[in-house]
file work.cif (mmCIF, C-alpha atoms and all ligand atoms)
data_my_file
#
loop_
_atom_site.label_atom_id
_atom_site.label_comp_id
_atom_site.auth_asym_id
_atom_site.auth_seq_id
_atom_site.Cartn_x
_atom_site.Cartn_y
_atom_site.Cartn_z
CA MET A 152 -3.44 -10.07 -7.78
CA ARG A 153 -0.60 -11.06 -10.06
CA ILE A 154 2.26 -8.70 -10.97
CA ASN A 155 4.67 -9.62 -13.76
CA ILE A 156 8.02 -7.83 -13.90
CA ILE A 157 10.18 -7.73 -17.02
CA THR A 158 13.76 -6.73 -16.24
CA ILE A 159 17.38 -7.49 -17.08
CA PHE A 160 18.08 -7.53 -13.30
CA PRO A 161 15.69 -10.01 -11.66
CA ASP A 162 18.05 -10.15 -8.65
CA PHE A 163 17.33 -6.49 -8.01
CA PHE A 164 13.93 -7.51 -6.64
CA THR A 165 14.80 -10.38 -4.31
CA SER A 166 15.03 -8.76 -0.90
CA PRO A 167 12.50 -5.92 -1.43
CA LEU A 168 9.88 -8.49 -2.40
CA ASP A 169 10.69 -10.79 0.52
CA VAL A 170 10.39 -8.37 3.41
CA SER A 171 7.73 -6.12 4.92
CA LEU A 172 4.05 -6.24 3.99
CA VAL A 173 4.94 -7.09 0.39
CA GLY A 174 6.61 -10.30 1.61
CA LYS A 175 3.59 -11.05 3.81
CA ALA A 176 1.14 -10.42 0.97
CA ARG A 177 3.09 -12.87 -1.18
CA ASP A 178 3.23 -15.48 1.61
CA SER A 179 -0.53 -15.25 2.13
CA GLY A 180 -1.27 -15.55 -1.59
CA THR A 181 -2.81 -12.06 -1.85
CA LEU A 182 0.00 -11.08 -4.20
CA ASP A 183 1.74 -13.26 -6.77
CA VAL A 184 4.88 -11.68 -8.28
CA ARG A 185 6.53 -13.26 -11.30
CA LEU A 186 9.93 -12.16 -12.54
CA PHE A 187 10.84 -12.44 -16.22
CA ASP A 188 14.48 -12.12 -17.22
CA LEU A 189 14.57 -10.13 -20.46
CA ARG A 190 18.00 -11.60 -21.31
CA GLU A 191 16.32 -14.93 -22.00
CA HIS A 192 15.07 -13.23 -25.17
CA GLY A 193 18.43 -11.56 -25.91
CA ARG A 194 20.36 -12.00 -29.15
CA GLY A 195 23.44 -14.18 -29.60
CA VAL A 196 25.81 -15.72 -27.06
CA HIS A 197 25.87 -12.47 -25.07
CA ARG A 198 22.08 -12.37 -24.91
CA GLN A 199 22.21 -8.80 -26.16
CA VAL A 200 19.10 -6.70 -25.52
CA ASP A 201 20.34 -3.27 -26.70
CA ASP A 202 21.85 -1.72 -29.81
CA ALA A 203 23.11 1.65 -31.11
CA PRO A 204 20.42 4.21 -32.00
CA PHE A 205 19.40 4.81 -35.61
CA GLY A 206 20.40 8.37 -36.48
CA GLY A 207 23.40 8.24 -34.18
CA GLY A 208 23.90 9.79 -30.77
CA ALA A 209 25.05 8.72 -27.34
CA GLY A 210 23.89 5.66 -25.46
CA MET A 211 22.18 2.44 -26.41
CA VAL A 212 18.54 1.66 -27.13
CA MET A 213 16.66 -1.42 -25.96
CA MET A 214 15.76 -3.53 -28.99
CA VAL A 215 12.17 -4.28 -29.96
CA GLN A 216 12.60 -8.05 -30.50
CA PRO A 217 13.45 -9.20 -26.92
CA LEU A 218 10.71 -7.01 -25.43
CA ALA A 219 8.19 -8.13 -28.04
CA GLU A 220 8.92 -11.78 -27.24
CA ALA A 221 8.68 -11.17 -23.50
CA LEU A 222 5.46 -9.16 -23.76
CA GLU A 223 3.51 -11.16 -26.34
CA PRO A 224 2.52 -13.92 -23.87
CA LEU A 225 1.34 -11.18 -21.48
CA ALA A 226 -0.93 -9.47 -24.01
CA ASP A 227 -4.03 -9.99 -21.84
CA THR A 228 -2.49 -8.11 -18.89
CA HIS A 229 -2.26 -4.34 -18.30
CA ARG A 230 1.25 -3.48 -19.47
CA VAL A 231 3.10 -0.52 -17.97
CA LEU A 232 6.45 0.77 -19.19
CA PHE A 233 8.52 2.83 -16.74
CA THR A 234 10.35 5.70 -18.37
CA PRO A 235 11.19 9.28 -17.31
CA GLY A 236 9.17 10.38 -20.36
CA GLY A 237 5.94 8.83 -19.08
CA THR A 238 2.86 10.31 -17.39
CA PRO A 239 3.58 11.07 -13.70
CA LEU A 240 2.54 8.32 -11.27
CA ASP A 241 -0.10 9.40 -8.75
CA GLN A 242 -2.44 7.86 -6.18
CA GLU A 243 -5.30 7.63 -8.69
CA THR A 244 -3.15 5.50 -10.98
CA LEU A 245 -2.22 3.18 -8.10
CA ASP A 246 -5.90 2.92 -7.05
CA ARG A 247 -6.77 1.90 -10.60
CA TRP A 248 -3.96 -0.68 -10.83
CA ALA A 249 -4.96 -2.20 -7.47
CA THR A 250 -8.31 -3.24 -9.00
CA LEU A 251 -6.62 -5.28 -11.75
CA GLU A 252 -6.09 -9.03 -11.68
CA ASP A 253 -2.96 -8.94 -13.76
CA LEU A 254 -0.43 -6.11 -14.07
CA THR A 255 2.83 -6.20 -16.04
CA LEU A 256 5.66 -3.81 -15.22
CA VAL A 257 8.39 -3.29 -17.80
CA CYS A 258 11.68 -1.86 -16.57
CA GLY A 259 13.58 0.14 -19.16
CA ARG A 260 17.36 0.53 -19.08
CA TYR A 261 19.91 2.37 -21.22
CA GLU A 262 19.12 5.62 -23.03
CA GLY A 263 15.74 4.49 -24.19
CA ILE A 264 13.52 1.85 -25.69
CA ASP A 265 12.68 1.30 -29.34
CA GLU A 266 9.46 3.27 -29.82
CA ARG A 267 7.75 0.30 -31.50
CA VAL A 268 7.63 -1.43 -28.12
CA ALA A 269 5.51 1.37 -26.65
CA GLU A 270 3.36 1.54 -29.78
CA HIS A 271 2.51 -2.16 -30.02
CA PHE A 272 3.06 -3.82 -26.65
CA ILE A 273 2.43 -1.21 -23.92
CA ASP A 274 -0.82 0.19 -22.50
CA GLU A 275 0.63 3.01 -20.43
CA GLU A 276 4.01 4.79 -20.00
CA ILE A 277 4.68 6.02 -16.48
CA SER A 278 7.33 8.16 -14.75
CA ILE A 279 7.86 8.28 -10.98
CA GLY A 280 9.20 11.83 -11.02
CA ASP A 281 11.10 14.54 -12.85
CA TYR A 282 14.53 12.99 -12.44
CA VAL A 283 16.42 10.29 -14.29
CA LEU A 284 17.29 6.94 -12.72
CA LEU A 285 19.48 4.20 -14.16
CA GLY A 286 16.42 2.17 -15.05
CA GLY A 287 12.81 1.37 -14.26
CA GLU A 288 13.46 -1.22 -11.53
CA VAL A 289 13.11 1.22 -8.63
CA ALA A 290 9.98 2.62 -10.27
CA ALA A 291 8.52 -0.90 -10.47
CA LEU A 292 9.20 -1.36 -6.75
CA VAL A 293 7.48 1.96 -6.04
CA ALA A 294 4.43 0.70 -7.94
CA ILE A 295 4.44 -2.66 -6.16
CA GLU A 296 4.53 -1.04 -2.71
CA GLY A 297 1.88 1.48 -3.69
CA VAL A 298 -0.45 -1.18 -5.05
CA THR A 299 0.17 -3.85 -2.40
CA ARG A 300 -0.89 -1.62 0.48
CA LEU A 301 -4.25 -1.15 -1.25
CA LEU A 302 -4.99 -4.88 -1.59
CA THR A 303 -7.64 -6.16 0.81
CA GLY A 304 -6.22 -7.40 4.08
CA VAL A 305 -2.65 -6.16 3.59
CA VAL A 306 -2.80 -3.10 5.85
CA GLY A 307 -4.26 -3.96 9.27
CA ASN A 308 -6.30 -0.79 9.70
CA PRO A 309 -8.15 0.12 6.48
CA THR A 310 -8.77 3.72 7.62
CA SER A 311 -5.02 4.33 7.54
CA VAL A 312 -5.20 3.51 3.82
CA GLU A 313 -8.21 5.80 3.36
CA THR A 314 -7.04 8.87 5.22
CA GLU A 315 -3.44 9.21 4.13
CA SER A 316 -1.92 12.03 2.10
CA PHE A 317 -3.15 12.62 -1.45
CA ARG A 318 -6.42 10.79 -1.26
CA GLU A 319 -8.07 13.98 0.04
CA GLY A 320 -5.79 16.16 -2.07
CA LEU A 321 -3.95 17.44 1.01
CA LEU A 322 -0.73 16.44 2.76
CA GLU A 323 -1.04 14.73 6.14
CA GLU A 324 -0.90 16.60 9.43
CA PRO A 325 2.11 15.99 11.77
CA HIS A 326 1.92 12.95 14.06
CA TYR A 327 3.28 12.44 17.58
CA THR A 328 3.55 9.52 19.99
CA ARG A 329 5.00 8.96 23.47
CA PRO A 330 6.91 10.36 25.24
CA ALA A 331 5.05 13.66 25.63
CA GLU A 332 8.41 15.33 26.17
CA PHE A 333 11.76 14.37 24.66
CA ARG A 334 14.89 16.50 25.27
CA GLY A 335 12.61 19.33 26.19
CA TRP A 336 10.61 19.10 22.98
CA GLY A 337 6.91 18.85 23.65
CA VAL A 338 3.82 17.80 21.78
CA PRO A 339 1.06 20.26 20.71
CA GLU A 340 -1.16 20.66 23.75
CA VAL A 341 -4.38 20.16 21.77
CA LEU A 342 -3.45 16.53 20.94
CA ARG A 343 -3.43 15.72 24.67
CA SER A 344 -6.63 17.61 25.46
CA GLY A 345 -9.02 14.72 24.77
CA ASP A 346 -11.26 17.22 22.93
CA HIS A 347 -11.89 15.40 19.66
CA ALA A 348 -13.58 18.30 17.88
CA ARG A 349 -10.63 20.58 18.66
CA ILE A 350 -8.17 17.87 17.62
CA GLU A 351 -9.88 17.37 14.26
CA ALA A 352 -10.00 21.15 13.67
CA TRP A 353 -6.27 21.38 14.48
CA ARG A 354 -5.45 18.50 12.14
CA GLU A 355 -7.43 20.01 9.27
CA GLU A 356 -5.69 23.38 9.79
CA GLU A 357 -2.26 21.66 9.80
CA ARG A 358 -3.08 19.74 6.61
CA LEU A 359 -3.95 22.99 4.89
CA ARG A 360 -0.92 24.84 6.26
CA ARG A 361 1.48 22.07 5.18
CA THR A 362 -0.06 21.80 1.75
CA ARG A 363 0.12 25.59 1.23
CA GLU A 364 3.80 25.60 2.29
CA ARG A 365 5.07 22.46 0.58
CA ARG A 366 2.70 21.67 -2.28
CA PRO A 367 0.78 24.81 -3.32
CA ASP A 368 0.22 23.11 -6.70
CA LEU A 369 -2.22 20.69 -5.00
CA LEU A 370 -4.45 23.62 -3.96
CA ASP A 371 -4.47 25.29 -7.38
CA GLU A 372 -6.34 22.48 -9.11
N1 LIG A 401 13.58 5.19 -15.53
C1 LIG A 401 14.54 6.12 -15.37
N2 LIG A 401 14.08 7.20 -14.73
C2 LIG A 401 12.77 6.96 -14.47
C3 LIG A 401 11.74 7.69 -13.83
N3 LIG A 401 11.94 8.91 -13.33
N4 LIG A 401 10.51 7.14 -13.76
C4 LIG A 401 10.27 5.91 -14.27
N5 LIG A 401 11.21 5.17 -14.88
C5 LIG A 401 12.45 5.68 -14.98
#

call {"tool": "encode", "arguments": {"input": "work.cif", "output": "structure tokens"}}
result
Amino acid sequence: MRINIITIFPDFFTSPLDVSLVGKARDSGTLDVRLFDLREHGRGVHRQVDDAPFGGGAGMVMMVQPLAEALEPLADTHRVLFTPGGTPLDQETLDRWATLEDLTLVCGRYEGIDERVAEHFIDEEISIGDYVLLGGEVAALVAIEGVTRLLTGVVGNPTSVETESFREGLLEEPHYTRPAEFRGWGVPEVLRSGDHARIEAWREEERLRRTRERRPDLLDE
């Protein structure tokens, strides 16, 4: 899979893309990430990519021309714009993206982006949550991690991809590993019983309890 990133901060991505399973997926050729510096399409000696908003108001707006020039050669890819005003990112969206050959992630900055970019050069506008970041770079990294772990061969044990939170619409149960006692804190007895039916029943109950407590919205749907 190839992921193109359009950003004014290509350096932002260097170490996150080099380490962990993302770094491994790139080394093995499973994932090909290409960084595009939006400033290369900027205007004038300062390579300006933003300007004051029509109609007045605070903050700057990313201009249509640099983004149009950067995105035109990527017209045959699936183009995602990260913005707090987008549709919320979820596991289904990541599952869908992981089936694509070519995905383009556009990182917004400043107060906003000229609406003509979204209208003519973007397939989907996505938010990673109801809060405002300085730009879309962190959101792009979220997407890259979320997609990379779904690519064949990246995660050693495929069932850990299948059974994690959200795919079944429930949060995960708590996990424990050795030692069985630490500073007097034990582990639920059932997990050490060897009784697999009881263990699965306990896990299912814990998934439901957690989801009811922390994410009742997931049960309403
Ligand atoms: N850019 C700034 N805030 C964002 C958010 N919450 N999601 C995606 N992109 C953003």

call {"tool": "residues_near_ligand", "arguments": {"input": "work.cif", "ligand": "ligand LIG 401 (chain A)", "cutoff": "8 Å", "atoms": "all atoms listed in the file", "output": "mmCIF file with C-alpha atoms, keeping the file's coordinate frame"}}
result
data_model
loop_
_atom_site.group_PDB
_atom_site.id
_atom_site.type_symbol
_atom_site.label_atom_id
_atom_site.label_comp_id
_atom_site.auth_asym_id
_atom_site.auth_seq_id
_atom_site.Cartn_x
_atom_site.Cartn_y
_atom_site.Cartn_z
ATOM 1 C CA LEU A 232 6.450 0.770 -19.190
ATOM 2 C CA PHE A 233 8.520 2.830 -16.740
ATOM 3 C CA THR A 234 10.350 5.700 -18.370
ATOM 4 C CA PRO A 235 11.190 9.280 -17.310
ATOM 5 C CA GLY A 236 9.170 10.380 -20.360
ATOM 6 C CA GLY A 237 5.940 8.830 -19.080
ATOM 7 C CA PRO A 239 3.580 11.070 -13.700
ATOM 8 C CA CYS A 258 11.680 -1.860 -16.570
ATOM 9 C CA GLY A 259 13.580 0.140 -19.160
ATOM 10 C CA ARG A 260 17.360 0.530 -19.080
ATOM 11 C CA ILE A 277 4.680 6.020 -16.480
ATOM 12 C CA SER A 278 7.330 8.160 -14.750
ATOM 13 C CA ILE A 279 7.860 8.280 -10.980
ATOM 14 C CA GLY A 280 9.200 11.830 -11.020
ATOM 15 C CA ASP A 281 11.100 14.540 -12.850
ATOM 16 C CA TYR A 282 14.530 12.990 -12.440
ATOM 17 C CA VAL A 283 16.420 10.290 -14.290
ATOM 18 C CA LEU A 284 17.290 6.940 -12.720
ATOM 19 C CA LEU A 285 19.480 4.200 -14.160
ATOM 20 C CA GLY A 286 16.420 2.170 -15.050
ATOM 21 C CA GLY A 287 12.810 1.370 -14.260
ATOM 22 C CA GLU A 288 13.460 -1.220 -11.530
ATOM 23 C CA VAL A 289 13.110 1.220 -8.630
ATOM 24 C CA ALA A 290 9.980 2.620 -10.270
ATOM 25 C CA ALA A 291 8.520 -0.900 -10.470
#

call {"tool": "closest_atom_pairs", "arguments": {"input": "work.cif", "of": "segment 300-360 of chain A", "to": "segment 164-186 of chain A", "cutoff": "9 Å", "atoms": "all atoms listed in the file", "output": "JSON lines"}}
result
{"residue": "A:Arg300", "atom": "CA", "partner": "A:Leu172", "partner_atom": "CA", "distance": 7.6}
{"residue": "A:Leu302", "atom": "CA", "partner": "A:Thr181", "partner_atom": "CA", "distance": 7.5}
{"residue": "A:Thr303", "atom": "CA", "partner": "A:Thr181", "partner_atom": "CA", "distance": 8.1}
{"residue": "A:Gly304", "atom": "CA", "partner": "A:Thr181", "partner_atom": "CA", "distance": 8.3}
{"residue": "A:Val305", "atom": "CA", "partner": "A:Ala176", "partner_atom": "CA", "distance": 6.3}
{"residue": "A:Val306", "atom": "CA", "partner": "A:Leu172", "partner_atom": "CA", "distance": 7.8}

call {"tool": "write_last_selection", "arguments": {"input": "work.cif", "atoms": "C-alpha atoms", "output": "short mmCIF file (atom, residue, chain, number, x, y, z; two decimals), in the frame of the given file"}}
result
data_model
loop_
_atom_site.label_atom_id
_atom_site.label_comp_id
_atom_site.auth_asym_id
_atom_site.auth_seq_id
_atom_site.Cartn_x
_atom_site.Cartn_y
_atom_site.Cartn_z
CA ARG A 300 -0.89 -1.62 0.48
CA LEU A 302 -4.99 -4.88 -1.59
CA THR A 303 -7.64 -6.16 0.81
CA GLY A 304 -6.22 -7.40 4.08
CA VAL A 305 -2.65 -6.16 3.59
CA VAL A 306 -2.80 -3.10 5.85
#

call {"tool": "closest_residue", "arguments": {"input": "work.cif", "among": "A:Ile159, A:Leu301, A:Met211, A:Phe205", "to": "His192 of chain A", "atoms": "only C-alpha atoms"}}
result
A:Ile159

call {"tool": "residues_around", "arguments": {"input": "work.cif", "residues": "Ile154 of chain A", "least_positions_apart": "4", "cutoff": "6 Å", "atoms": "all atoms listed in the file", "output": "list in words"}}
result
Val184, Asp253, Leu254 and Thr255 of chain A

call {"tool": "closest_residue", "arguments": {"input": "work.cif", "among": "A:His271, A:Val293, A:Ile157, A:Glu357", "to": "Val257 of chain A", "atoms": "only C-alpha atoms"}}
result
A:Ile157

call {"tool": "atom_distance", "arguments": {"input": "work.cif", "atom1": "atom CA of Ala294 of chain A", "atom2": "atom CA of Arg230 of chain A"}}
result
12.7 Å
